[in-house]
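Printed here is start.cif (mmCIF, C-alpha atoms):
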```
data_structure
#
loop_
_atom_site.label_atom_id
_atom_site.label_comp_id
_atom_site.auth_asym_id
_atom_site.auth_seq_id
_atom_site.Cartn_x
_atom_site.Cartn_y
_atom_site.Cartn_z
CA MET A 1 -49.17 -64.74 43.38
CA ASP A 2 -46.21 -64.66 41.00
CA SER A 3 -43.81 -67.58 40.91
CA PRO A 4 -40.48 -66.83 42.55
CA LEU A 5 -36.98 -66.77 41.23
CA ALA A 6 -36.05 -68.66 44.15
CA THR A 7 -33.66 -68.75 46.95
CA SER A 8 -34.91 -69.97 50.28
CA SER A 9 -37.60 -71.94 52.03
CA HIS A 10 -39.73 -68.80 52.06
CA VAL A 11 -40.38 -66.90 48.88
CA THR A 12 -39.42 -63.56 47.54
CA ARG A 13 -40.78 -63.10 43.98
CA SER A 14 -40.47 -63.59 40.34
CA VAL A 15 -38.98 -65.93 37.64
CA ALA A 16 -39.47 -69.22 36.12
CA VAL A 17 -41.12 -72.41 36.82
CA LYS A 18 -39.33 -75.62 36.16
CA SER A 19 -39.38 -79.22 37.28
CA GLU A 20 -36.64 -81.46 38.55
CA SER A 21 -35.32 -84.13 36.22
CA ARG A 22 -34.95 -87.56 37.80
CA GLN A 23 -34.83 -91.15 36.69
CA LEU A 24 -38.36 -92.17 35.77
CA ALA A 25 -39.92 -95.55 35.21
CA PHE A 26 -41.67 -94.75 31.95
CA GLY A 27 -39.42 -96.43 29.45
CA PHE A 28 -36.57 -93.91 29.42
CA ARG A 29 -33.57 -92.75 31.40
CA ASN A 30 -32.35 -89.19 31.66
CA SER A 31 -29.01 -87.71 32.55
CA LEU A 32 -28.64 -85.35 35.47
CA PRO A 33 -29.83 -81.88 34.49
CA ALA A 34 -27.45 -79.06 33.78
CA ALA A 35 -29.50 -76.07 34.87
CA GLY A 36 -28.07 -72.60 35.05
CA LEU A 37 -28.98 -69.06 35.93
CA ARG A 38 -26.82 -65.96 35.75
CA ALA A 39 -27.20 -62.20 35.69
CA ILE A 40 -26.39 -60.46 32.40
CA THR A 41 -26.74 -57.04 30.83
CA HIS A 42 -29.32 -56.95 28.05
CA GLY A 43 -29.40 -53.57 26.31
CA VAL A 44 -29.87 -50.97 29.03
CA ARG A 45 -31.45 -53.35 31.53
CA ASP A 46 -30.09 -55.98 33.85
CA ALA A 47 -31.62 -59.35 33.07
CA ILE A 48 -31.22 -62.97 34.03
CA SER A 49 -30.18 -65.79 31.74
CA VAL A 50 -31.65 -69.20 32.57
CA GLY A 51 -31.35 -72.54 30.88
CA CYS A 52 -30.86 -76.27 31.09
CA GLU A 53 -29.57 -79.20 29.06
CA LEU A 54 -31.22 -82.62 29.37
CA GLN A 55 -30.47 -85.92 27.67
CA TYR A 56 -32.94 -88.78 27.60
CA GLU A 57 -32.54 -92.32 26.34
CA ALA A 58 -35.90 -93.81 25.45
CA THR A 59 -36.08 -97.60 25.44
CA THR A 60 -39.65 -97.58 24.10
CA ALA A 61 -41.87 -94.92 22.56
CA THR A 62 -42.46 -92.60 25.53
CA THR A 63 -44.76 -89.66 26.19
CA MET A 64 -43.29 -87.04 28.51
CA ILE A 65 -44.39 -83.64 29.75
CA LEU A 66 -41.67 -81.02 30.13
CA ASN A 67 -41.98 -78.12 32.54
CA ILE A 68 -38.70 -76.27 31.93
CA GLU A 69 -39.80 -73.12 30.09
CA THR A 70 -40.11 -69.80 31.92
CA GLN A 71 -43.59 -68.67 32.75
CA ARG A 72 -45.20 -65.60 31.27
CA SER A 73 -46.45 -63.45 34.13
CA SER A 74 -46.84 -59.88 35.33
CA GLY A 75 -43.72 -60.31 37.46
CA GLN A 76 -41.30 -60.76 34.59
CA THR A 77 -40.74 -60.02 30.91
CA LEU A 78 -39.41 -62.74 28.63
CA LEU A 79 -36.77 -61.13 26.39
CA GLU A 80 -35.45 -64.27 24.69
CA ASP A 81 -36.91 -67.77 24.54
CA ASN A 82 -35.30 -70.72 22.77
CA PHE A 83 -36.26 -74.40 23.01
CA THR A 84 -34.34 -77.08 21.09
CA GLY A 85 -35.68 -80.61 20.92
CA PRO A 86 -38.91 -82.41 20.04
CA VAL A 87 -41.51 -79.72 19.38
CA GLY A 88 -44.67 -81.37 20.73
CA ASP A 89 -47.77 -79.56 22.01
CA VAL A 90 -47.39 -76.53 24.29
CA ASN A 91 -50.05 -75.60 26.82
CA GLU A 92 -50.07 -72.53 29.07
CA MET A 93 -51.95 -72.75 32.36
CA PRO A 94 -54.33 -69.77 32.75
CA GLU A 95 -53.80 -69.32 36.49
CA THR A 96 -50.01 -69.29 36.63
CA GLY A 97 -48.69 -68.81 33.10
CA ASN A 98 -46.71 -72.05 33.52
CA ARG A 99 -45.89 -73.73 30.23
CA TYR A 100 -46.01 -77.49 29.71
CA ARG A 101 -44.67 -79.16 26.58
CA ARG A 102 -45.90 -82.66 25.74
CA VAL A 103 -43.58 -84.63 23.48
CA ILE A 104 -43.42 -88.22 22.24
CA LEU A 105 -39.92 -89.69 22.21
CA PRO A 106 -39.23 -92.60 19.85
CA PRO A 107 -36.61 -95.14 20.99
CA GLY A 108 -33.13 -93.61 21.03
CA THR A 109 -31.16 -90.76 22.57
CA HIS A 110 -32.66 -87.28 22.71
CA ASP A 111 -31.00 -83.97 23.60
CA ILE A 112 -33.23 -81.19 24.95
CA ARG A 113 -31.95 -77.66 25.53
CA TYR A 114 -33.70 -74.57 26.80
CA LYS A 115 -32.43 -71.02 27.18
CA ALA A 116 -34.18 -67.78 28.06
CA VAL A 117 -33.35 -64.22 29.05
CA VAL A 118 -35.77 -62.77 31.59
CA ASP A 119 -36.17 -59.23 32.91
CA THR A 120 -37.66 -59.34 36.40
CA HIS A 121 -39.65 -56.40 37.64
CA ALA A 122 -39.06 -54.46 40.84
CA VAL A 123 -39.52 -56.42 44.06
CA HIS A 124 -42.33 -55.28 46.31
CA VAL A 125 -40.81 -53.73 49.45
CA ALA A 126 -42.78 -53.30 52.66
CA ASP A 127 -42.44 -53.50 56.43
CA PRO A 128 -42.88 -57.23 57.28
CA GLY A 129 -44.89 -56.28 60.35
CA GLU A 130 -47.46 -54.59 58.13
CA ILE A 131 -47.90 -57.49 55.68
CA THR A 132 -51.01 -59.17 57.01
CA GLU A 133 -52.90 -62.31 56.10
CA THR A 134 -55.41 -62.14 53.27
CA PRO A 135 -58.78 -63.20 54.72
CA VAL A 136 -60.68 -65.88 52.84
CA ALA A 137 -63.42 -63.31 52.14
CA ALA A 138 -60.88 -61.23 50.17
CA LEU A 139 -58.90 -64.08 48.63
CA PRO A 140 -59.15 -64.37 44.81
CA PHE A 141 -61.13 -67.45 43.81
CA ASP A 142 -58.09 -68.94 42.07
CA GLY A 143 -56.33 -68.88 45.45
CA LEU A 144 -58.98 -70.92 47.26
CA PRO A 145 -57.75 -74.35 46.07
CA HIS A 146 -54.38 -73.55 47.68
CA LEU A 147 -56.06 -73.67 51.09
CA TYR A 148 -57.09 -77.31 50.72
CA ALA A 149 -55.30 -80.38 52.01
CA SER A 150 -53.72 -82.46 49.24
CA ARG A 151 -51.81 -85.70 48.67
CA TYR A 152 -48.40 -84.29 49.60
CA CYS A 153 -49.65 -81.50 51.84
CA PRO A 154 -52.10 -82.99 54.37
CA SER A 155 -52.75 -79.72 56.17
CA ASP A 156 -55.84 -81.16 57.88
CA GLN A 157 -53.61 -83.67 59.70
CA MET A 158 -51.25 -80.98 60.96
CA ALA A 159 -53.62 -78.14 61.83
CA ARG A 160 -53.33 -78.55 65.61
CA PHE A 161 -49.53 -78.54 65.50
CA ALA A 162 -49.37 -75.56 63.13
CA ARG A 163 -51.76 -73.47 65.19
CA ARG A 164 -49.93 -74.36 68.38
CA GLN A 165 -46.62 -73.23 66.89
CA SER A 166 -47.82 -70.00 65.30
CA GLY A 167 -51.18 -69.16 66.81
CA ALA A 168 -49.83 -66.35 69.00
CA ILE A 169 -48.24 -64.58 66.02
CA ALA A 170 -50.60 -61.95 64.63
CA SER A 171 -48.90 -60.85 61.43
CA GLY A 172 -49.30 -62.92 58.29
CA HIS A 173 -45.70 -62.38 57.13
CA GLU A 174 -44.26 -63.10 60.57
CA LYS A 175 -46.39 -66.23 60.83
CA VAL A 176 -45.12 -67.62 57.52
CA GLN A 177 -41.56 -66.63 58.46
CA ALA A 178 -41.93 -68.43 61.79
CA ILE A 179 -43.03 -71.57 59.94
CA CYS A 180 -40.02 -71.36 57.63
CA ASN A 181 -37.70 -70.81 60.59
CA TRP A 182 -39.11 -73.83 62.42
CA ILE A 183 -38.55 -76.06 59.38
CA PHE A 184 -35.01 -74.74 58.95
CA GLU A 185 -34.17 -75.39 62.59
CA ASN A 186 -35.86 -78.79 62.97
CA VAL A 187 -35.61 -80.59 59.63
CA ASP A 188 -32.30 -81.80 58.17
CA TYR A 189 -31.53 -81.46 54.48
CA LEU A 190 -30.57 -85.05 53.64
CA GLU A 191 -30.28 -86.36 50.08
CA GLY A 192 -31.92 -89.73 49.54
CA SER A 193 -34.14 -89.41 52.62
CA SER A 194 -37.36 -89.20 50.62
CA ASP A 195 -38.95 -90.46 47.42
CA SER A 196 -41.94 -89.77 45.19
CA SER A 197 -44.36 -91.04 47.84
CA THR A 198 -43.10 -88.86 50.72
CA SER A 199 -45.69 -86.46 52.13
CA ALA A 200 -45.23 -83.52 54.48
CA HIS A 201 -46.48 -85.68 57.33
CA ASP A 202 -43.67 -88.16 56.55
CA THR A 203 -41.15 -85.31 56.55
CA PHE A 204 -42.47 -84.14 59.92
CA THR A 205 -41.99 -87.65 61.29
CA LEU A 206 -38.55 -88.25 59.75
CA ARG A 207 -37.32 -84.68 60.33
CA ALA A 208 -35.35 -84.96 57.08
CA GLY A 209 -35.89 -84.29 53.40
CA VAL A 210 -34.79 -82.39 50.31
CA CYS A 211 -36.02 -79.08 48.87
CA ARG A 212 -39.23 -80.63 47.55
CA ASP A 213 -40.05 -81.96 51.02
CA PHE A 214 -39.21 -78.63 52.68
CA ALA A 215 -41.60 -76.90 50.27
CA HIS A 216 -44.39 -79.43 50.84
CA PHE A 217 -43.96 -79.10 54.60
CA GLY A 218 -44.04 -75.30 54.42
CA ILE A 219 -47.19 -75.37 52.31
CA THR A 220 -48.84 -77.80 54.71
CA LEU A 221 -48.21 -75.72 57.83
CA THR A 222 -49.10 -72.47 56.05
CA ARG A 223 -52.41 -73.84 54.77
CA ALA A 224 -53.10 -75.29 58.20
CA VAL A 225 -53.20 -71.78 59.67
CA GLY A 226 -55.51 -70.52 56.93
CA ILE A 227 -53.01 -68.90 54.55
CA SER A 228 -53.16 -69.82 50.87
CA ALA A 229 -49.88 -71.37 49.67
CA ARG A 230 -48.63 -73.28 46.63
CA PHE A 231 -45.62 -75.17 45.34
CA VAL A 232 -43.13 -73.59 42.94
CA SER A 233 -40.34 -75.28 41.01
CA ALA A 234 -37.84 -72.73 39.76
CA TYR A 235 -34.45 -71.85 38.40
CA ALA A 236 -32.55 -70.97 41.58
CA LEU A 237 -30.26 -67.96 41.84
CA GLU A 238 -26.84 -68.71 43.39
CA LEU A 239 -27.67 -72.34 44.19
CA THR A 240 -24.51 -74.47 44.38
CA PRO A 241 -24.29 -76.86 42.66
CA GLN A 242 -26.70 -75.37 40.14
CA ASP A 243 -29.95 -77.26 39.69
CA PHE A 244 -33.68 -76.77 39.65
CA HIS A 245 -35.10 -75.90 43.06
CA ALA A 246 -38.39 -76.25 44.96
CA VAL A 247 -39.84 -73.45 47.08
CA PHE A 248 -43.32 -72.30 48.05
CA GLU A 249 -45.19 -69.03 47.95
CA SER A 250 -48.03 -67.74 50.08
CA CYS A 251 -50.68 -65.09 49.54
CA LEU A 252 -50.09 -62.20 51.95
CA GLY A 253 -51.26 -58.62 51.92
CA GLY A 254 -53.42 -59.32 48.89
CA ARG A 255 -50.40 -60.33 46.78
#
```

Please, can you express the file's structure as structure tokens?
Amino acid sequence: MDSPLATSSHVTRSVAVKSESRQLAFGFRNSLPAAGLRAITHGVRDAISVGCELQYEATTATTMILNIETQRSSGQTLLEDNFTGPVGDVNEMPETGNRYRRVILPPGTHDIRYKAVVDTHAVHVADPGEITETPVAALPFDGLPHLYASRYCPSDQMARFARRQSGAIASGHEKVQAICNWIFENVDYLEGSSDSSTSAHDTFTLRAGVCRDFAHFGITLTRAVGISARFVSAYALELTPQDFHAVFESCLGGR
């Protein structure tokens, strides 16, 4: 399952993993992120330019883990890659290709900039009605953990509701699409309606949230009907105002 470039509560495909920047209680403050993504021409190929600028003010020596660099995956080719700021240690996760950079900020102001040019590969095109669920017996082992209930995605608590809403839908793609449609129609996008402790069950109760909550809710309902799904934080194409964005992806048709 490649991480998507981004645009809606259901996924399409390809680029870049990145995390939202918010005020954190670990001895520093950060400015609002300036994250951007635009299409460019790179040689003979169309490519996408992504990047962000972050500023942190550390009040004490602070360890932070950045997740702003584009992933290396089969779904995209990294043409340019430039990070400016504290170097730190970089670790690449084997399953996803996500890159995490651990840095230690001494007291003071710190500017962090990232820019990359990414060539995304052709999108898989198929009849939605023919994209079926991937049975557990055929699911790759690294996809199994994305069936489990978790802190923010308590799929075990919402299984009865999810099956009731989508149980009559046979196709895997149509089932995931129906879940996304239900969330879109029944949950309001409302800034400030959630915080770091909000779970998908809370979002279901409040019927309000932000992109992170929509993604957690989608994952929860999708896992509840036996489809592997995971969270993705990404650079979002055509998002206004531009910012990092949360979506989810599910394993369908063996992909």

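The residues returned by the PyMOL selection byres ((chain A and resi 64) around 7) for this structure are Thr62, Thr63, Ile65, Leu66, Arg102, Val103 and Ile104 of chain A.
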
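Separating CA of Cys180 in chain A from CA of Thr134 in chain A is a distance of 18.5 Å.
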
Open item on the list: Taking the file as I've supplied it (selection: the PyMOL selection byres ((chain A and resi 128) around 12)), which residues are included? Please answer as a ChimeraX atom specification.
Closed with: /A:124-127,129-133,170-177,252-253

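Using only C-alpha atoms, the nearest neighbour of Glu92 in chain A within the list A:Glu238, A:Glu69, A:Asp111, A:Glu191 is A:Glu69.
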
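Using all atoms listed in the file for every distance, the candidate list A:Ser233, A:Gln76, A:Thr205, A:Thr220 yields A:Thr205 as the residue closest to Asn186 in chain A.
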
Shortest contact to Ala137 in chain A, candidates A:Gly254, A:Arg151, A:Ser197, A:His216, atoms counted all atoms listed in the file, goes to A:Gly254

Using only C-alpha atoms, the residue out of A:Cys153, A:Leu190, A:Val118, A:Leu206 with shortest distance to Gln71 in chain A is A:Val118

Item to complete: Any chance you could resolve the PyMOL selection byres ((chain A and resi 148) around 10) against this file and give the residues as a PyMOL selection string?
Response: chain A and resi 143-147+149-150+153-156+220+223-224+226+228-229

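You can rank A:Val210, A:Ala162, A:Val90, A:Ala200 by their closest distance to Trp182 in chain A using all atoms listed in the file, and at the top of that list sits A:Ala162.
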